[in-house]
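J.: One file: entry-v3.cif (mmCIF, C-alpha atoms).
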```cif
data_run
#
loop_
_atom_site.label_atom_id
_atom_site.label_comp_id
_atom_site.auth_asym_id
_atom_site.auth_seq_id
_atom_site.Cartn_x
_atom_site.Cartn_y
_atom_site.Cartn_z
CA MET A 19 106.34 89.33 123.70
CA THR A 20 105.05 88.12 120.38
CA SER A 21 106.94 86.21 117.73
CA LYS A 22 104.72 87.09 114.76
CA ALA A 23 103.73 90.32 113.04
CA LEU A 24 101.30 91.27 110.32
CA LEU A 25 102.85 93.97 108.15
CA ILE A 26 100.39 95.91 105.97
CA VAL A 27 102.14 97.89 103.24
CA ASP A 28 100.75 101.20 101.96
CA VAL A 29 97.03 100.52 101.61
CA GLN A 30 96.39 104.23 101.08
CA LYS A 31 93.77 106.12 99.12
CA ASP A 32 96.18 107.33 96.43
CA PHE A 33 97.07 103.71 95.60
CA CYS A 34 93.43 102.61 95.34
CA PRO A 35 90.94 103.24 92.51
CA GLY A 36 90.35 106.98 92.19
CA GLY A 37 93.75 107.83 93.67
CA SER A 38 96.56 109.68 91.94
CA LEU A 39 98.68 106.53 91.56
CA ALA A 40 96.00 103.87 91.60
CA VAL A 41 97.01 100.22 91.52
CA PRO A 42 94.57 98.23 89.36
CA ASP A 43 92.07 96.53 91.67
CA GLY A 44 94.05 97.92 94.61
CA ASP A 45 91.09 98.09 96.98
CA ALA A 46 90.60 94.33 96.59
CA VAL A 47 93.33 93.82 99.19
CA VAL A 48 91.22 95.35 101.96
CA LYS A 49 88.96 92.35 102.58
CA PRO A 50 91.72 89.71 102.91
CA ILE A 51 93.90 92.07 104.95
CA ASN A 52 91.03 92.79 107.34
CA ALA A 53 90.55 89.03 107.77
CA MET A 54 94.24 88.76 108.61
CA ILE A 55 93.99 91.68 111.05
CA GLU A 56 91.17 89.91 112.89
CA TYR A 57 93.20 86.69 112.99
CA ALA A 58 96.31 88.53 114.15
CA ARG A 59 94.43 90.23 116.98
CA LYS A 60 92.98 86.93 118.19
CA ASN A 61 96.44 85.38 118.23
CA GLY A 62 98.32 88.24 119.84
CA TRP A 63 100.39 89.24 116.83
CA LEU A 64 101.88 92.67 116.39
CA ILE A 65 100.06 94.65 113.69
CA VAL A 66 102.04 97.24 111.72
CA ALA A 67 100.82 99.44 108.87
CA SER A 68 103.33 101.29 106.71
CA ARG A 69 102.48 104.38 104.71
CA ASP A 70 104.12 106.60 102.14
CA TRP A 71 104.38 110.00 103.81
CA HIS A 72 106.10 112.18 101.25
CA PRO A 73 106.87 115.88 101.61
CA ALA A 74 105.17 118.12 99.05
CA VAL A 75 108.53 118.66 97.34
CA THR A 76 110.57 115.50 96.84
CA ASN A 77 112.71 114.12 94.05
CA HIS A 78 110.53 111.02 94.23
CA PHE A 79 107.90 112.97 92.26
CA LYS A 80 108.01 113.56 88.51
CA ASP A 81 107.83 117.35 88.96
CA TYR A 82 111.17 117.27 90.80
CA GLY A 83 113.10 114.71 88.80
CA GLY A 84 111.48 111.45 89.88
CA ILE A 85 109.27 109.02 87.98
CA TRP A 86 105.98 109.14 89.92
CA PRO A 87 103.07 111.56 89.97
CA VAL A 88 102.39 113.31 93.26
CA HIS A 89 100.95 110.80 95.74
CA CYS A 90 100.59 110.29 99.48
CA ALA A 91 101.84 113.77 100.33
CA GLN A 92 101.86 114.39 104.07
CA ASN A 93 98.52 115.39 105.60
CA THR A 94 96.58 115.08 102.33
CA PRO A 95 93.46 112.92 101.87
CA GLY A 96 95.32 110.68 99.42
CA ALA A 97 97.82 109.72 102.11
CA GLU A 98 95.09 108.38 104.39
CA PHE A 99 94.61 104.65 104.76
CA HIS A 100 91.73 103.15 102.80
CA PRO A 101 88.60 103.99 104.81
CA ASN A 102 87.55 100.34 105.12
CA LEU A 103 90.94 99.14 106.33
CA ASP A 104 90.71 98.20 110.01
CA VAL A 105 94.01 99.63 111.27
CA ALA A 106 92.80 101.68 114.24
CA ASP A 107 95.14 99.85 116.64
CA ALA A 108 98.05 99.29 114.24
CA ILE A 109 101.52 100.70 114.77
CA VAL A 110 102.05 103.18 111.92
CA VAL A 111 105.40 103.34 110.16
CA SER A 112 106.00 106.34 107.88
CA LYS A 113 108.48 106.19 105.00
CA GLY A 114 109.64 108.37 102.14
CA THR A 115 109.55 111.33 104.49
CA CYS A 116 112.70 113.07 103.22
CA VAL A 117 113.22 115.14 100.09
CA ASP A 118 115.79 112.69 98.69
CA GLU A 119 114.17 109.43 99.81
CA ASP A 120 112.07 107.05 97.71
CA GLY A 121 111.10 104.95 100.70
CA TYR A 122 109.94 101.85 98.83
CA SER A 123 110.62 99.50 101.75
CA ALA A 124 108.76 99.68 105.04
CA PHE A 125 112.17 99.02 106.61
CA ASP A 126 113.17 102.52 105.49
CA GLY A 127 110.41 103.89 107.72
CA HIS A 128 110.07 104.90 111.35
CA THR A 129 107.38 104.70 113.97
CA ASP A 130 105.83 107.88 115.34
CA GLY A 131 108.45 107.65 118.09
CA GLY A 132 111.28 107.67 115.54
CA GLU A 133 112.25 104.01 115.87
CA GLU A 134 113.28 102.07 112.77
CA LEU A 135 110.89 99.26 111.85
CA ALA A 136 113.43 96.45 112.25
CA ASP A 137 114.42 97.69 115.70
CA TYR A 138 110.79 97.97 116.74
CA LEU A 139 109.98 94.43 115.58
CA LYS A 140 113.02 92.91 117.25
CA ARG A 141 112.37 94.79 120.48
CA HIS A 142 108.94 93.14 120.55
CA GLY A 143 110.37 89.68 119.93
CA VAL A 144 109.15 89.32 116.36
CA ASP A 145 110.98 86.85 114.15
CA GLU A 146 108.18 85.95 111.71
CA ILE A 147 106.42 88.40 109.38
CA TYR A 148 103.33 88.01 107.21
CA LEU A 149 102.82 90.77 104.71
CA GLY A 150 100.44 92.12 102.12
CA GLY A 151 99.46 95.44 100.60
CA LEU A 152 100.36 97.67 97.68
CA ALA A 153 102.02 97.22 95.37
CA THR A 154 103.41 93.74 94.78
CA ASP A 155 106.09 94.92 92.35
CA TYR A 156 107.29 97.93 94.35
CA CYS A 157 106.83 98.58 98.06
CA VAL A 158 105.68 95.07 98.94
CA LYS A 159 108.60 93.54 97.05
CA PHE A 160 111.22 95.85 98.54
CA THR A 161 109.79 95.33 102.03
CA ALA A 162 109.83 91.55 101.69
CA LEU A 163 113.37 91.51 100.28
CA ASP A 164 114.58 93.69 103.14
CA ALA A 165 112.83 91.47 105.68
CA VAL A 166 114.67 88.32 104.58
CA ALA A 167 118.01 90.06 103.97
CA PRO A 168 120.81 88.86 106.27
CA ARG A 169 120.89 92.13 108.21
CA HIS A 170 117.29 91.56 109.34
CA ASP A 171 116.72 87.84 108.76
CA PHE A 172 113.00 87.63 109.50
CA THR A 173 111.10 84.54 108.39
CA THR A 174 108.74 86.20 105.91
CA ALA A 175 105.59 85.09 104.12
CA LEU A 176 103.91 86.99 101.31
CA LEU A 177 100.11 86.80 101.39
CA LEU A 178 99.51 86.55 97.66
CA ASP A 179 95.78 87.29 97.70
CA ALA A 180 96.36 90.37 99.86
CA CYS A 181 98.57 92.12 97.25
CA ARG A 182 98.05 93.74 93.88
CA ALA A 183 100.66 94.86 91.33
CA VAL A 184 101.09 98.10 89.39
CA ASN A 185 102.41 96.22 86.34
CA VAL A 186 104.04 99.26 84.72
CA ASN A 187 105.38 96.61 82.37
CA PRO A 188 103.21 93.54 81.72
CA GLY A 189 104.11 90.71 84.07
CA ASP A 190 105.96 92.86 86.62
CA GLY A 191 103.83 91.45 89.44
CA GLY A 192 104.61 87.84 88.58
CA LYS A 193 108.32 88.62 88.22
CA ALA A 194 108.29 90.32 91.62
CA VAL A 195 106.73 87.25 93.26
CA GLU A 196 109.41 85.03 91.71
CA GLU A 197 112.14 87.42 92.85
CA MET A 198 110.78 87.28 96.39
CA ARG A 199 110.47 83.49 96.28
CA ASN A 200 114.04 83.13 95.04
CA ALA A 201 115.24 85.35 97.90
CA GLY A 202 113.64 83.06 100.46
CA VAL A 203 110.24 84.67 100.96
CA LEU A 204 107.53 82.08 101.55
CA ILE A 205 104.51 82.46 99.26
CA SER A 206 101.21 81.86 101.02
CA THR A 207 97.62 83.12 101.19
CA THR A 208 95.41 84.48 103.93
CA ALA A 209 93.29 81.32 103.77
CA GLU A 210 96.31 79.08 104.33
CA VAL A 211 97.37 81.13 107.34
CA THR A 212 93.98 81.57 108.97
CA ASN A 213 93.09 77.90 108.45
CA GLY A 214 96.38 76.84 110.02
CA ARG A 215 97.84 75.32 106.86
CA ALA A 216 100.75 77.73 106.42
#
```
What do you get writing this file as structure tokens?
T.:
Amino acid sequence: MTSKALLIVDVQKDFCPGGSLAVPDGDAVVKPINAMIEYARKNGWLIVASRDWHPAVTNHFKDYGGIWPVHCAQNTPGAEFHPNLDVADAIVVSKGTCVDEDGYSAFDGHTDGGEELADYLKRHGVDEIYLGGLATDYCVKFTALDAVAPRHDFTTALLLDACRAVNVNPGDGGKAVEEMRNAGVLISTTAEVTNGRA
């Protein structure tokens, strides 16, 4: 049983430069996340990677009443993890899989076996989560807020250098970090964790 998990949020091709909903500098998260993956493996942590896995028709998309362009549709190249992300042995959690589901939080997702993320983590003895990914002001934020919410109550640290923001409005990323901090999310970096200072 492990007490710690690395949770990688939505580092998918469509959210990286060249993708249909690219986060500025989104692929810059790959290097620090890979360093965390290596550290997590050495220390016996659970490694979980969430992904948007939308149906082709969903009210999450602009064409069907939502606010976003088509992205991360099931079984399309854009839904694949970034090719340099080292998640071969990660547990994959899919979210946004229903027609009427936004699926911003990884805690809305399920493993391939159909288990909710929170149940999976608790079954494996996890009480401490470190997270990074895309994007700070959307899926990362909602995942972190869910993690520290009373119904889940995980000790949660945001890896600031392993995230990038969409910034639909200027400053959204910074506001999201403050919102997470105010909710009880610890703000850290991959260097602080891997050097034992977190």
J.: For Trp71 (chain A), which residue among A:Gly192, A:Gly143, A:Pro87, A:Gly96 is the nearest when counting all atoms listed in the file?
T.: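 Between A:Gly192, A:Gly143, A:Pro87, A:Gly96, the residue approaching Trp71 (chain A) most closely is A:Gly96.
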J.: Could you work out how far CA of Pro101 (chain A) lies from CA of Ile205 (chain A), giving the answer in Å with one decimal?
T.: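 For CA of Ile205 (chain A) relative to CA of Pro101 (chain A), the distance reads 27.3 Å.
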J.: Do a neighbour search on region 54-65 of chain A at 12 Å with only C-alpha atoms, toss out local chain neighbours closer than 5 positions, and write the hits as number ranges by chain.
T.: A: 19-27, 47-49, 103-111, 135, 138-151, 177, 179-180, 207-214
J.: Write the residues of the preceding selection, restricted to C-alpha atoms, as an mmCIF file, in the frame of the given file.
T.:
```cif
data_model
loop_
_atom_site.group_PDB
_atom_site.id
_atom_site.type_symbol
_atom_site.label_atom_id
_atom_site.label_comp_id
_atom_site.auth_asym_id
_atom_site.auth_seq_id
_atom_site.Cartn_x
_atom_site.Cartn_y
_atom_site.Cartn_z
ATOM 1 C CA MET A 19 106.340 89.330 123.700
ATOM 2 C CA THR A 20 105.050 88.120 120.380
ATOM 3 C CA SER A 21 106.940 86.210 117.730
ATOM 4 C CA LYS A 22 104.720 87.090 114.760
ATOM 5 C CA ALA A 23 103.730 90.320 113.040
ATOM 6 C CA LEU A 24 101.300 91.270 110.320
ATOM 7 C CA LEU A 25 102.850 93.970 108.150
ATOM 8 C CA ILE A 26 100.390 95.910 105.970
ATOM 9 C CA VAL A 27 102.140 97.890 103.240
ATOM 10 C CA VAL A 47 93.330 93.820 99.190
ATOM 11 C CA VAL A 48 91.220 95.350 101.960
ATOM 12 C CA LYS A 49 88.960 92.350 102.580
ATOM 13 C CA LEU A 103 90.940 99.140 106.330
ATOM 14 C CA ASP A 104 90.710 98.200 110.010
ATOM 15 C CA VAL A 105 94.010 99.630 111.270
ATOM 16 C CA ALA A 106 92.800 101.680 114.240
ATOM 17 C CA ASP A 107 95.140 99.850 116.640
ATOM 18 C CA ALA A 108 98.050 99.290 114.240
ATOM 19 C CA ILE A 109 101.520 100.700 114.770
ATOM 20 C CA VAL A 110 102.050 103.180 111.920
ATOM 21 C CA VAL A 111 105.400 103.340 110.160
ATOM 22 C CA LEU A 135 110.890 99.260 111.850
ATOM 23 C CA TYR A 138 110.790 97.970 116.740
ATOM 24 C CA LEU A 139 109.980 94.430 115.580
ATOM 25 C CA LYS A 140 113.020 92.910 117.250
ATOM 26 C CA ARG A 141 112.370 94.790 120.480
ATOM 27 C CA HIS A 142 108.940 93.140 120.550
ATOM 28 C CA GLY A 143 110.370 89.680 119.930
ATOM 29 C CA VAL A 144 109.150 89.320 116.360
ATOM 30 C CA ASP A 145 110.980 86.850 114.150
ATOM 31 C CA GLU A 146 108.180 85.950 111.710
ATOM 32 C CA ILE A 147 106.420 88.400 109.380
ATOM 33 C CA TYR A 148 103.330 88.010 107.210
ATOM 34 C CA LEU A 149 102.820 90.770 104.710
ATOM 35 C CA GLY A 150 100.440 92.120 102.120
ATOM 36 C CA GLY A 151 99.460 95.440 100.600
ATOM 37 C CA LEU A 177 100.110 86.800 101.390
ATOM 38 C CA ASP A 179 95.780 87.290 97.700
ATOM 39 C CA ALA A 180 96.360 90.370 99.860
ATOM 40 C CA THR A 207 97.620 83.120 101.190
ATOM 41 C CA THR A 208 95.410 84.480 103.930
ATOM 42 C CA ALA A 209 93.290 81.320 103.770
ATOM 43 C CA GLU A 210 96.310 79.080 104.330
ATOM 44 C CA VAL A 211 97.370 81.130 107.340
ATOM 45 C CA THR A 212 93.980 81.570 108.970
ATOM 46 C CA ASN A 213 93.090 77.900 108.450
ATOM 47 C CA GLY A 214 96.380 76.840 110.020
#
```
J.: What residues come out when you apply the PyMOL selection byres ((chain A and resi 34) around 10) to this file, written as number ranges by chain?
T.: A: 28-33, 35-47, 96, 99-100, 152
J.: Using the chain letters and numbers from the file, give me the residues hit by the PyMOL selection byres ((chain A and resi 157-171) around 10), as a PyMOL selection string.
T.: chain A and resi 25-28+68-70+120-126+136-137+140+145-156+172-176+181-183+191+194-195+197-204
J.: Step by step, gather every atom of region 157-165 of chain A that the file lists, find the box along x, y and z that holds them, add 8 Å on each side, and finally give centre and edge lengths in Å to one decimal, as JSON.
T.:
```
{"center_x": 110.1, "center_y": 95.0, "center_z": 101.4, "size_x": 24.9, "size_y": 23.1, "size_z": 24.6}
```
J.: What's the separation between CA of Ala74 (chain A) and CA of Asp118 (chain A), in Å to one decimal place?
T.: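 These atoms are spaced 11.9 Å apart.
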J.: What is the distance between CA of Thr76 (chain A) and CA of Asp130 (chain A), in Å to one decimal?
T.: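 Result for CA of Thr76 (chain A) versus CA of Asp130 (chain A): 20.6 Å, one decimal.
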J.: Here is a test: counting only C-alpha atoms, which residue of A:Ile51, A:Ser206, A:Ser112, A:Val117 is nearest to Gly131 (chain A)?
T.: A:Ser112
J.: Could region 145-157 of chain A be completed with N, CA and C atoms and returned as a compact mmCIF listing (two decimals), in the frame of the given file?
T.:
```
# COMPACT_ATOMS: atom_id res chain seq x y z
N ASP A 145 110.03 87.47 115.07
CA ASP A 145 110.98 86.85 114.15
C ASP A 145 110.28 86.32 112.90
N GLU A 146 108.96 86.48 112.83
CA GLU A 146 108.18 85.95 111.71
C GLU A 146 107.21 87.02 111.24
N ILE A 147 107.24 87.33 109.94
CA ILE A 147 106.42 88.40 109.38
C ILE A 147 105.53 87.85 108.27
N TYR A 148 104.27 88.28 108.29
CA TYR A 148 103.33 88.01 107.21
C TYR A 148 102.96 89.35 106.59
N LEU A 149 103.07 89.45 105.26
CA LEU A 149 102.82 90.77 104.71
C LEU A 149 101.97 90.76 103.46
N GLY A 150 101.24 91.88 103.30
CA GLY A 150 100.44 92.12 102.12
C GLY A 150 100.29 93.62 101.94
N GLY A 151 99.68 94.02 100.82
CA GLY A 151 99.46 95.44 100.60
C GLY A 151 99.74 95.84 99.17
N LEU A 152 100.18 97.07 99.00
CA LEU A 152 100.36 97.67 97.68
C LEU A 152 101.75 98.29 97.56
N ALA A 153 102.39 98.11 96.47
CA ALA A 153 102.02 97.22 95.37
C ALA A 153 103.04 96.08 95.30
N THR A 154 102.58 94.94 94.79
CA THR A 154 103.41 93.74 94.78
C THR A 154 104.80 94.00 94.20
N ASP A 155 104.84 94.77 93.10
CA ASP A 155 106.09 94.92 92.35
C ASP A 155 106.92 96.12 92.79
N TYR A 156 106.50 96.81 93.83
CA TYR A 156 107.29 97.93 94.35
C TYR A 156 107.44 97.82 95.86
N CYS A 157 106.60 98.49 96.61
CA CYS A 157 106.83 98.58 98.06
C CYS A 157 106.71 97.24 98.77
```
